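Here the structure comes first, spelled out in structure tokens, and everything after it is commentary.
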Amino acid sequence: MPRSVISSARRLVVKVGSSSLTGTDGGIDHARLFALVNALAHKHAQGAQIVLVSSGAIAAGIHPLGLAARPRDLATQQAAASVGQGALLAAYTHAFAAHEITVGQVLLTEDDVTRRTHYANARRTLERLLDLRVMPIVNENDTVATSEIRFGDNDRLAALVAHLIDADALVLLSDVDALYDGPPHRPGAQRIPLVKGPEDLADVEIGRSRSKVGTGGMATKIEAARIATAAGVTTSITAADRVIAVLGGEDVGTVFLPIGRRGRSRRLWLEHATSARGRLIVDDGAVRALTHHKKSLLPAGITAVEGVFHDGDPVDVCAPDGTPVARGLVNYASGELPTLLGRSTRELAKALGPTYEREVIHRDDLVIL
């Protein structure tokens with residue numbers, strides 16, 4: 001039974017949204033937070049390893065800053081996150097301490113988990129915290145994240161964390177109790193208890209969030225489920241007030257069955273956690289080398305460079321007609337590449353020095369789209 005995968009999970013990621021943690025005034029609702037903590041503490045006491053991905057930092061900063069609603073501009077969002085993150089962590093620390101559970105804060109940006117060494121460090125840190133029976137509390141680092149290096153919503157971040165730690169299950173908690181075949185408030189809307197694959201969603205009408213404090217909605221949760229299930233992780237969507245039921249394997253919410261195989265691969269992060277900073281147009285020979293022969297991208301196959309990017313940034317690799325065929329981390333800045341195009345690495349090393357005998361994108365830093 002798919003729900004038993006969640007109830008028996010030895011390692012799981014639980015994500016809670018801002019709307020599930022805040023009251024009518026926009027501040028933290030401690031009763032809601034304590035109810036969530038009590039449920040997770042019970043699961044923890046049964047031996048499960050849990051990573052909590054928690055929104056709410058910006059929402060927690062709204063009241064102390066005297067704001068009427070979630071700010072729209074990035075600078076004020078970052079200020080609210082700076083104030084609110086401390087308050088949110090303090091609330092969690094206090095609540096989990098009643099169960100003798102230590103918490104650890106982990107703040108991530110896109111850059112922290114797409115670059116090779118950063119990805120390994122993030123995984124190693126989470127693994128060690130779990131080994132020490134610490135409850136990692138993960139959030140996007142809203143205080144320093146720019147529009148170019150944001151995950152955008154914690155649903156997607158939670159799915160990627162579930163993949164990162166090779167979790168058995170992912171539970172997405174919000175203010176909606178399940179996925180319905182239409183808007184839940186519409187008369188006659190039916191709950192969808194099980195999604196076996198993308199075909200089950202073909203006729204589903206998906207709405208967006210109405211929350212004043214959150215950034216997600218059902219669309220982001222379905223995208224998160226798609227990412228997680230592609231990595232072999234069973235995923236459930238339900239309301240935060242049903243957390244005990246979902247963790248107990250009861251028939252609540254919507255369960256998405258895995259469609260991919262388990263196993264860590266940084267390439268999934270490259271595909272789903274990054275936004276391309278530029279484009280490299282390549283010839284047909286390079287397309288075949290990348291997609292059929294799993295080769296690295298060399299300067300000789302590139303015909304044009306678009307955008308401004310730096311060494312280590314994610315870029316899209318596009319076929320001659322402009323269709324993206326791959327995404328990867330580039331080893332050159334955009335300003336360096338034009339003089340290298342169409343030339344072999346051996347020729348470049350001879351003319352410019354041995355440091356130029358390297359791939360534009362190494363195959364280990366490349367994912368086929």
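Ligands are numbered from 1 in the order shown, chains are lettered A, B, ... in the order of the structure tokens, and residues start at 1 in each chain.
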task = Could you tell me, as number ranges by chain, which residues of region 74-264 of chain A DSSP assigns to helix (DSSP H, G or I) when given the backbone?
result = A: 74-97, 110-114, 116-131, 154-164, 198-201, 218-230, 240-247
Considering only C-alpha atoms, return as a compact mmCIF listing (two decimals) with N, CA and C atoms, in the first residue's frame whatever protein or nucleic-acid residues lie within 7 Å of region 322-333 of chain A, sequence-local ones (same chain, fewer than 3 positions apart) excluded.
# COMPACT_ATOMS: atom_id res chain seq x y z
N LEU A 270 20.76 20.03 -10.98
CA LEU A 270 21.07 20.92 -12.09
C LEU A 270 19.83 21.20 -12.93
N GLU A 271 18.97 20.19 -13.08
CA GLU A 271 17.79 20.35 -13.91
C GLU A 271 16.71 21.16 -13.22
N ILE A 281 24.72 28.23 -28.06
CA ILE A 281 24.17 27.60 -29.25
C ILE A 281 25.25 26.69 -29.83
N PHE A 309 27.30 35.72 -18.11
CA PHE A 309 27.42 34.76 -17.03
C PHE A 309 28.88 34.63 -16.62
N HIS A 310 29.08 34.00 -15.48
CA HIS A 310 30.42 33.85 -14.91
C HIS A 310 30.82 32.37 -14.88
N ASP A 311 32.07 32.13 -14.68
CA ASP A 311 32.58 30.77 -14.50
C ASP A 311 31.82 30.09 -13.36
N GLY A 312 31.25 28.92 -13.63
CA GLY A 312 30.50 28.18 -12.62
C GLY A 312 29.00 28.40 -12.66
N ASP A 313 28.52 29.34 -13.49
CA ASP A 313 27.09 29.59 -13.58
C ASP A 313 26.39 28.52 -14.42
N PRO A 314 25.09 28.28 -14.17
CA PRO A 314 24.33 27.37 -15.02
C PRO A 314 23.94 28.05 -16.33
N VAL A 315 24.07 27.34 -17.43
CA VAL A 315 23.66 27.86 -18.74
C VAL A 315 22.93 26.75 -19.49
N ASP A 316 22.07 27.16 -20.41
CA ASP A 316 21.40 26.21 -21.28
C ASP A 316 22.23 25.99 -22.54
N VAL A 317 22.29 24.75 -22.97
CA VAL A 317 22.94 24.40 -24.24
C VAL A 317 21.83 24.15 -25.24
N CYS A 318 21.86 24.88 -26.36
CA CYS A 318 20.74 24.85 -27.30
C CYS A 318 21.16 24.36 -28.68
N ALA A 319 20.25 23.65 -29.31
CA ALA A 319 20.46 23.19 -30.68
C ALA A 319 20.46 24.39 -31.63
N GLU A 336 34.86 35.40 -22.06
CA GLU A 336 36.01 34.63 -22.54
C GLU A 336 35.71 33.77 -23.76
N LEU A 337 34.46 33.34 -23.89
CA LEU A 337 34.14 32.30 -24.86
C LEU A 337 34.21 32.69 -26.33
N VAL A 360 34.26 23.22 -21.95
CA VAL A 360 33.40 24.36 -21.60
C VAL A 360 32.42 23.92 -20.52
N ILE A 361 31.85 22.72 -20.67
CA ILE A 361 31.03 22.11 -19.62
C ILE A 361 31.42 20.64 -19.52
N ASP A 365 28.94 17.83 -14.97
CA ASP A 365 28.21 19.04 -14.62
C ASP A 365 27.13 19.33 -15.65
N LEU A 366 26.65 18.31 -16.33
CA LEU A 366 25.73 18.49 -17.45
C LEU A 366 24.54 17.54 -17.30
N VAL A 367 23.33 18.05 -17.54
CA VAL A 367 22.14 17.22 -17.54
C VAL A 367 21.41 17.42 -18.86
N ILE A 368 20.98 16.34 -19.47
CA ILE A 368 20.23 16.40 -20.71
C ILE A 368 18.76 16.69 -20.39
N LEU A 369 18.18 17.64 -21.05
CA LEU A 369 16.80 18.06 -20.77
C LEU A 369 15.78 17.24 -21.58
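Remark: for Asp175 (chain A), the closest of the candidate residues A:Leu21, A:Leu65, A:Leu352, A:Ala300 is A:Leu21 (distances computed over only C-alpha atoms).
Interatomic distance, CA of Pro320 (chain A) against CA of Lys350 (chain A): 28.8 Å.
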Check which residues of region 246-328 of chain A sit at most 6 Å from region 217-233 of chain A using only C-alpha atoms, and return one row each with the closest pair of atoms and their distance in Å to one decimal, ordered by chain and rising number, as JSON lines.
{"residue": "A:Pro258", "atom": "CA", "partner": "A:Thr229", "partner_atom": "CA", "distance": 4.1}
{"residue": "A:Ile259", "atom": "CA", "partner": "A:Ala230", "partner_atom": "CA", "distance": 5.3}
{"residue": "A:Gly260", "atom": "CA", "partner": "A:Ala230", "partner_atom": "CA", "distance": 4.3}
{"residue": "A:Arg261", "atom": "CA", "partner": "A:Gly232", "partner_atom": "CA", "distance": 4.6}
{"residue": "A:Arg262", "atom": "CA", "partner": "A:Gly232", "partner_atom": "CA", "distance": 4.5}
Residues just named, written with N, CA, C and O atoms as an mmCIF file, in the first residue's frame:
data_model
loop_
_atom_site.group_PDB
_atom_site.id
_atom_site.type_symbol
_atom_site.label_atom_id
_atom_site.label_comp_id
_atom_site.auth_asym_id
_atom_site.auth_seq_id
_atom_site.Cartn_x
_atom_site.Cartn_y
_atom_site.Cartn_z
ATOM 1 N N PRO A 258 6.061 6.873 -6.827
ATOM 2 C CA PRO A 258 7.341 7.099 -7.522
ATOM 3 C C PRO A 258 7.268 6.633 -8.968
ATOM 4 O O PRO A 258 6.650 5.607 -9.269
ATOM 5 N N ILE A 259 7.894 7.397 -9.849
ATOM 6 C CA ILE A 259 7.971 6.990 -11.260
ATOM 7 C C ILE A 259 9.421 6.830 -11.693
ATOM 8 O O ILE A 259 9.685 6.407 -12.819
ATOM 9 N N GLY A 260 10.356 7.167 -10.823
ATOM 10 C CA GLY A 260 11.778 7.026 -11.122
ATOM 11 C C GLY A 260 12.453 6.129 -10.103
ATOM 12 O O GLY A 260 11.826 5.627 -9.167
ATOM 13 N N ARG A 261 13.747 5.936 -10.283
ATOM 14 C CA ARG A 261 14.510 5.080 -9.390
ATOM 15 C C ARG A 261 15.194 5.909 -8.313
ATOM 16 O O ARG A 261 15.556 7.052 -8.528
ATOM 17 N N ARG A 262 15.357 5.279 -7.149
ATOM 18 C CA ARG A 262 16.086 5.920 -6.056
ATOM 19 C C ARG A 262 17.559 5.984 -6.402
ATOM 20 O O ARG A 262 18.076 5.240 -7.222
#
request  = Return the single residue from A:Val14, A:Glu359, A:Ala349, A:Pro193 that is closest to Lys295 (chain A), with distances computed using only C-alpha atoms.
outcome  =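 Nearest candidate to Lys295 (chain A) out of A:Val14, A:Glu359, A:Ala349, A:Pro193: A:Glu359.
The space separating CA of Val204 (chain A) from CA of Ser7 (chain A) comes to 27.1 Å.
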key: Residue nearest Glu100 (chain A) - candidates A:Ile6, A:Ala57, A:Val37, A:Val252, atoms counted: only C-alpha atoms   =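 The closest residue to Glu100 (chain A) is A:Val37.
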message = As an exercise, work out the distance from CA of Ser4 (chain A) to CA of Gly249 (chain A) in Å and give it to one decimal place.
response =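 Between CA of Ser4 (chain A) and CA of Gly249 (chain A) the gap is 5.3 Å.
Of the residues listed (A:Ala159, A:Leu172, A:Val106, A:Ile58), A:Ile58 shows the shortest atom-to-atom separation from Asp73 (chain A); distances use only C-alpha atoms.
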message = Which of region 102-284 of chain A end up as strand (DSSP E) when DSSP is run on this backbone - answer as an MDAnalysis selection string?
response = chainID A and resid 103:108 135:140 169:174 194:195 234:239 254:256 278:282
